[in-house]
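For reference, the structure discussed in these notes is given below.
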Amino acid sequence: MRRKYVRMTAPLLAITLIAAGCSDDEAAPGDTGEEVAPDTSDTGETADAAGTATTAATESTGGGGGGAAMARVTENDSVRCGSRDDLPGFATLDENGEPVGFDVDFCRVIAAAVLGDAEKGEAVPIETDARIPALQSGEIDVLVRNTTWTASRDGNDGVTFLQPNYYDGQRMMVAADSEYQALEDMDGTTVCVAAGTTTEGNVATEFERLGLTVSVESFDDVDLLQEAFVNGQCDGWSSDGSQLAGLRSTYPDGPESLVILEEVFSKEPLASAVVDGDSEWAQAVEWAIFATIQAEEFGITQDNVEEMRESDDPNIRSFLGGENAEGTELDVGLGLPPDFAYQVVSQVGNYGEIFDRHLAPLGLERGLNALYTDGGLMYSPPYR
Amino acid sequence: MTAPATLDKQAGRPPLWRDVRVLSWTFQLAVVGLVVLLVSWLWGNVQSNSDRLNIDTGFDFLDQPAGFPIPGSDFRNNQPISDAVVEGLLNTIRLAAAGLVLATLLGVLLGIARLSGNFLVRTGAKFYVEFVRNIPLLSLLYLIYLAVILTVFPRPVDSWTLEGLAVLNVRGSHVAWFDGSALALIGIVVLGMAAAWGVGRWRTTVAERTGQPARTALFALPVMALIVAAGWLIGGYTLNRPELDGNRVSGGIEMTPAYLGALLALVLYTSSHIAEIVRGSIQAVPIGQGEAANALALSGFQRTWHVILPQAMRIAIPPIGNQYLNLMKNSSLAAIISYGDLTKVTELGVANRSPAVPAYALTLLIYLGVSLVISLAVNIFNRRLALVER
């Protein structure tokens, strides 16, 4: 109970962090209340002081946190990912209290690529409404938390979304013994959703589009939501399809007592996000994710990655950071070590392996998340 | 005779560094200056850091479409966020206002019960107060929501119904309500109350003049009932009864389960605090007052109602006012059980697209405003009740 109270105050904490952030740098010029003028130079100082000679430290136009994240990550020797601890398949805690899941593995992918060690990826559980402020304040380096990439989040929130690691869509789950076969049957019902997501709005919009009325209850806490659903307070439970599959798999009365309706009524590309204006860090994170996709396309797995380093295919050799036949090595200048893809695949695995490890057990099909060669959307730009 | 004058002059004008007025002004100005500096430095920090991180600190977001529905409200997805904030504020007021009235009634009753001569009543009240007063409100809220609302209340198909007047189930309750202008009805009720008050005054004068029993309620209540009934008929009001149809209830006024749960928790919690205040205030009334009432052969009710409570309330009002403020602020916890109050709306907004800093700052200011209004009302009431000493 206490824990929830603490988590509720997270947004305010984030504000305080922003308010007090960099106070050390600014206290020095004097407490005279001079505001805007000294700060511009301060930003530069912060970046310089922390920036351990990163070659392509991107100085952004609007004075975003230019190159700060990469320097911070290198200095802390750990990648802090905004994550959660209550979403089966994506991010939960195992019996030892260690975070596991699809999103957690992508955190490890980023750490393996940037720092060469997957164990240096630290999944920090964060409340939904605190995730963007936490990212902006630098409390976390990257958000890998089942977050839908939308235009207004991209535009308004001061964050940049990267390659989606899961293409999802919103669906509706109802009790198996209920009368509801489709959304059309659900006029005048109560639908429960997890608060602070795009889900509430989607339900309301979709029912409006179908000319139906609905009342939407939103809960901060998935456990509380499940309790309300079990006790008949809601007719439907709506969320992203992947989440529903995970929640269904751990439902107290057994998965067979729930059905997920056919309709998919929204596009939910779940993507990682970083702070705006830090393109060096954004590229590093994005290519770490691409590496898992490219590895699957090349057929490189955790088991055969050692052999693949000696492959006859020059593309694979340079992808894994090996020397090619002429004895030269490709440096693509991403600020990542040349063997980052090798580290990613050997320590965590390729996209398909990560998917099979965490999401296939929930009964999720690859669907849109298959490689483009199999009719899906997973496509990595060429590594050359 | 110059010596006294010099003394006077010296006494009136000590050197600046020893002049109490100068010193106190200097210190106070210095403190104010420091506070202003600190605040402006913090705000400057927010501004510059926000600029650096491209975080919006303006209030333009209020005109944006909200993009989220509010639980238990007709609010449309695409109305502007400012409407959502207003709706949230109204929900907060709905919860807090009902909570204030019920917590006061229950609290006063419990406070009196704590001093009852009846062992069972006294001990029961004591256990209740000591239990509820000493647990965190958040735990109580969870407990009530999970153990009472979700577990005790029946499924929609097995709803408890009070024939045509109320329907209660796990989805909340529907209570019979009127159809027609609410404002006019309030006017009618106020008119009735004014008439009842006038009748009461008249009865008191008669009682004072003739010595007959006043019987204020006996005369005033029928007058009020008559006026309200007449207004109801003339205004063409009808009763809108809730009806159960399968899973759904139509008609009447709806109270969501979140509202019921939050109201119950807030009332139970605050009433236990008010009970302690009332008990203390009653005990603070000089014991001779009660003895004097006994000596006049007043009944138990008359002694409490006419002698003890009026004096006790004078002591109790300021601390009860504090409890009112607490109740209003505590109502923000209802957000966790999906009650669409101001806090919930801000949470939803921030999770969707409102910038966190201005959104929470605005919420903070609104809570502050409501608090100040409650505080002001309690102060005015307190001043009117205070003993006027001549």
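Just remember, in the structure tokens the first chain shown is A, the second B, etc., residues are 1-based per chain, and ligands are 1-based in the order shown.
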
### Task
Restrict the distance test to only C-alpha atoms, flag each residue of chain B within 8 Å of chain A, and return the flagged residues as an MDAnalysis selection string.
chainID B and resid 37:38 40:46 48:56 67:73 77 138:139 146 150:151 155:156 170:171 248 336:338 347:353 355:357 360

Would you please give, as a short mmCIF file (atom, residue, chain, number, x, y, z; two decimals) with N, CA, C and O atoms, in the first residue's frame, all residues of range 284-375 of chain A that DSSP assigns to alpha helix (DSSP H) based on the backbone?
```
data_model
loop_
_atom_site.label_atom_id
_atom_site.label_comp_id
_atom_site.auth_asym_id
_atom_site.auth_seq_id
_atom_site.Cartn_x
_atom_site.Cartn_y
_atom_site.Cartn_z
N ALA A 284 22.46 5.38 -31.41
CA ALA A 284 23.05 4.21 -30.76
C ALA A 284 21.95 3.25 -30.34
O ALA A 284 22.01 2.04 -30.61
N VAL A 285 20.90 3.78 -29.69
CA VAL A 285 19.80 2.93 -29.21
C VAL A 285 19.08 2.30 -30.40
O VAL A 285 18.80 1.10 -30.41
N GLU A 286 18.84 3.11 -31.43
CA GLU A 286 18.09 2.61 -32.56
C GLU A 286 18.83 1.47 -33.25
O GLU A 286 18.23 0.45 -33.60
N TRP A 287 20.14 1.63 -33.42
CA TRP A 287 20.89 0.57 -34.12
C TRP A 287 21.07 -0.66 -33.26
O TRP A 287 21.23 -1.77 -33.78
N ALA A 288 21.04 -0.50 -31.95
CA ALA A 288 21.06 -1.68 -31.09
C ALA A 288 19.82 -2.52 -31.36
O ALA A 288 19.88 -3.75 -31.45
N ILE A 289 18.67 -1.82 -31.52
CA ILE A 289 17.42 -2.54 -31.79
C ILE A 289 17.46 -3.14 -33.20
O ILE A 289 17.09 -4.29 -33.41
N PHE A 290 17.94 -2.34 -34.18
CA PHE A 290 18.04 -2.85 -35.55
C PHE A 290 18.90 -4.10 -35.59
O PHE A 290 18.65 -5.02 -36.38
N ALA A 291 19.93 -4.12 -34.73
CA ALA A 291 20.86 -5.26 -34.77
C ALA A 291 20.14 -6.57 -34.51
O ALA A 291 20.45 -7.59 -35.14
N THR A 292 19.15 -6.56 -33.60
CA THR A 292 18.43 -7.81 -33.31
C THR A 292 17.65 -8.25 -34.54
O THR A 292 17.57 -9.44 -34.83
N ILE A 293 17.08 -7.27 -35.26
CA ILE A 293 16.28 -7.59 -36.44
C ILE A 293 17.18 -8.08 -37.57
O ILE A 293 16.92 -9.10 -38.22
N GLN A 294 18.28 -7.33 -37.77
CA GLN A 294 19.21 -7.70 -38.83
C GLN A 294 19.79 -9.09 -38.56
O GLN A 294 19.96 -9.89 -39.48
N ALA A 295 20.08 -9.38 -37.30
CA ALA A 295 20.65 -10.68 -36.95
C ALA A 295 19.68 -11.80 -37.32
O ALA A 295 20.09 -12.82 -37.86
N GLU A 296 18.39 -11.57 -37.05
CA GLU A 296 17.43 -12.62 -37.39
C GLU A 296 17.38 -12.80 -38.90
O GLU A 296 17.32 -13.92 -39.40
N GLU A 297 17.44 -11.68 -39.63
CA GLU A 297 17.39 -11.78 -41.08
C GLU A 297 18.59 -12.55 -41.63
O GLU A 297 18.47 -13.36 -42.54
N PHE A 298 19.76 -12.31 -41.01
CA PHE A 298 20.96 -13.03 -41.42
C PHE A 298 20.95 -14.47 -40.93
O PHE A 298 21.82 -15.26 -41.29
N VAL A 305 26.42 -17.68 -33.33
CA VAL A 305 27.06 -16.39 -33.59
C VAL A 305 28.58 -16.52 -33.68
O VAL A 305 29.23 -15.83 -34.47
N GLU A 306 29.16 -17.47 -32.91
CA GLU A 306 30.62 -17.63 -32.97
C GLU A 306 31.04 -18.10 -34.36
O GLU A 306 31.97 -17.56 -34.95
N GLU A 307 30.31 -19.11 -34.90
CA GLU A 307 30.65 -19.59 -36.24
C GLU A 307 30.41 -18.50 -37.27
O GLU A 307 31.19 -18.32 -38.20
N MET A 308 29.32 -17.75 -37.10
CA MET A 308 28.96 -16.73 -38.07
C MET A 308 30.03 -15.66 -38.19
O MET A 308 30.16 -15.00 -39.21
N ARG A 309 30.80 -15.45 -37.12
CA ARG A 309 31.87 -14.44 -37.19
C ARG A 309 32.88 -14.83 -38.25
O ARG A 309 33.59 -13.99 -38.78
N PRO A 314 30.53 -11.60 -46.57
CA PRO A 314 31.19 -10.38 -46.06
C PRO A 314 30.23 -9.48 -45.29
O PRO A 314 30.64 -8.79 -44.35
N ASN A 315 28.94 -9.48 -45.67
CA ASN A 315 27.98 -8.65 -44.95
C ASN A 315 27.88 -9.08 -43.49
O ASN A 315 27.85 -8.24 -42.58
N ILE A 316 27.80 -10.38 -43.29
CA ILE A 316 27.67 -10.90 -41.93
C ILE A 316 28.94 -10.61 -41.14
O ILE A 316 28.88 -10.20 -39.98
N ARG A 317 30.08 -10.79 -41.78
CA ARG A 317 31.34 -10.55 -41.07
C ARG A 317 31.44 -9.10 -40.61
O ARG A 317 31.81 -8.83 -39.47
N SER A 318 31.11 -8.17 -41.50
CA SER A 318 31.25 -6.77 -41.07
C SER A 318 30.16 -6.40 -40.08
O SER A 318 30.37 -5.61 -39.18
N PHE A 319 29.00 -7.03 -40.19
CA PHE A 319 27.92 -6.77 -39.25
C PHE A 319 28.34 -7.17 -37.83
O PHE A 319 28.11 -6.46 -36.85
N PHE A 340 29.44 -4.35 -31.74
CA PHE A 340 28.23 -4.23 -30.90
C PHE A 340 27.18 -5.27 -31.26
O PHE A 340 26.52 -5.83 -30.39
N ALA A 341 27.03 -5.56 -32.55
CA ALA A 341 26.01 -6.52 -32.95
C ALA A 341 26.35 -7.91 -32.43
O ALA A 341 25.47 -8.65 -31.97
N TYR A 342 27.65 -8.23 -32.44
CA TYR A 342 28.08 -9.53 -31.89
C TYR A 342 27.71 -9.61 -30.41
O TYR A 342 27.19 -10.62 -29.94
N GLN A 343 27.99 -8.54 -29.67
CA GLN A 343 27.67 -8.53 -28.24
C GLN A 343 26.17 -8.70 -28.01
O GLN A 343 25.75 -9.45 -27.13
N VAL A 344 25.39 -8.00 -28.82
CA VAL A 344 23.94 -8.07 -28.66
C VAL A 344 23.45 -9.50 -28.87
O VAL A 344 22.74 -10.06 -28.04
N VAL A 345 23.87 -10.10 -30.00
CA VAL A 345 23.34 -11.42 -30.32
C VAL A 345 23.88 -12.47 -29.37
O VAL A 345 23.15 -13.35 -28.90
N SER A 346 25.16 -12.39 -29.02
CA SER A 346 25.73 -13.44 -28.18
C SER A 346 25.19 -13.35 -26.76
O SER A 346 25.02 -14.37 -26.10
N GLN A 347 24.90 -12.16 -26.29
CA GLN A 347 24.47 -12.05 -24.90
C GLN A 347 22.96 -12.09 -24.73
O GLN A 347 22.46 -12.54 -23.70
N TYR A 351 16.06 -10.93 -32.69
CA TYR A 351 14.69 -10.52 -32.40
C TYR A 351 13.77 -11.72 -32.18
O TYR A 351 13.01 -11.79 -31.22
N GLY A 352 13.88 -12.69 -33.08
CA GLY A 352 13.02 -13.87 -32.99
C GLY A 352 13.24 -14.64 -31.69
O GLY A 352 12.30 -15.12 -31.06
N GLU A 353 14.51 -14.72 -31.28
CA GLU A 353 14.80 -15.45 -30.05
C GLU A 353 14.20 -14.73 -28.84
O GLU A 353 13.65 -15.36 -27.93
N ILE A 354 14.31 -13.40 -28.83
CA ILE A 354 13.75 -12.64 -27.71
C ILE A 354 12.23 -12.80 -27.69
O ILE A 354 11.63 -13.00 -26.64
N PHE A 355 11.63 -12.76 -28.88
CA PHE A 355 10.18 -12.91 -28.98
C PHE A 355 9.76 -14.29 -28.48
O PHE A 355 8.85 -14.42 -27.67
N ASP A 356 10.47 -15.33 -28.95
CA ASP A 356 10.09 -16.69 -28.56
C ASP A 356 10.28 -16.92 -27.07
O ASP A 356 9.55 -17.69 -26.45
N ARG A 357 11.27 -16.24 -26.50
CA ARG A 357 11.56 -16.44 -25.10
C ARG A 357 10.43 -15.90 -24.22
O ARG A 357 10.04 -16.52 -23.25
N HIS A 358 9.89 -14.73 -24.59
CA HIS A 358 8.97 -14.07 -23.67
C HIS A 358 7.52 -14.00 -24.14
O HIS A 358 6.61 -14.04 -23.34
#
```

#### Entry: 9 Å contact set for Asn146 in chain A, only C-alpha atoms, chain neighbours under 5 positions out, as a PyMOL selection string
chain A and resi 83-84+90+103+165-166+269-272

### Task
Please provide as number ranges by chain all residues within 6 Å of Ser332 in chain B, with the sequence filter that same-chain residues fewer than 3 positions apart are discarded (counting only C-alpha atoms).
B: 329, 335, 343

The selected residues should be written to file as a tab-separated table (two decimals), in the first residue's frame (atoms: C-alpha atoms).
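Saved result, selection23.tsv, follows:
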```
chain	number	residue	atom	x	y	z
B	329	LYS	CA	-7.21	17.39	0.22
B	335	ALA	CA	-8.02	8.84	-7.97
B	343	THR	CA	-6.03	14.66	-9.40
```

### Task
Considering only C-alpha atoms, return as a ChimeraX atom specification whatever protein or nucleic-acid residues lie within 9 Å of Val124 in chain A, sequence-local ones (same chain, fewer than 3 positions apart) excluded.
/A:80-85,99,140

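Remark: for Ala273 in chain A, the closest of the candidate residues A:Ile126, A:Val144, A:Ala134, A:Leu93 is A:Val144 (distances computed over only C-alpha atoms).
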
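Taking CA of Gln311 in chain B and CA of Ala293 in chain B as the two end points, the separation is 13.0 Å.
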
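From CA of Asn330 in chain B back to CA of Arg94 in chain B, the distance works out to 13.5 Å.
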
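For Val332 in chain A, the non-local neighbours within 9 Å, defined as residues at least 4 positions apart in the same chain or in other chains and counting only C-alpha atoms, are Leu336, Pro338, Tyr383 and Arg384 of chain A.
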
### Query
At what distance in Å, to one decimal, does CA of Ala217 in chain B lie from CA of Val175 in chain B?
28.0 Å

### Message
Env of Val373 in chain B: 12 Å cut, atoms = only C-alpha atoms, seq-sep filter 6 positions within chain, self excluded. Answer as an MDAnalysis selection string.
### Response
chainID B and resid 93 321 324:325 328 366:367 379:380
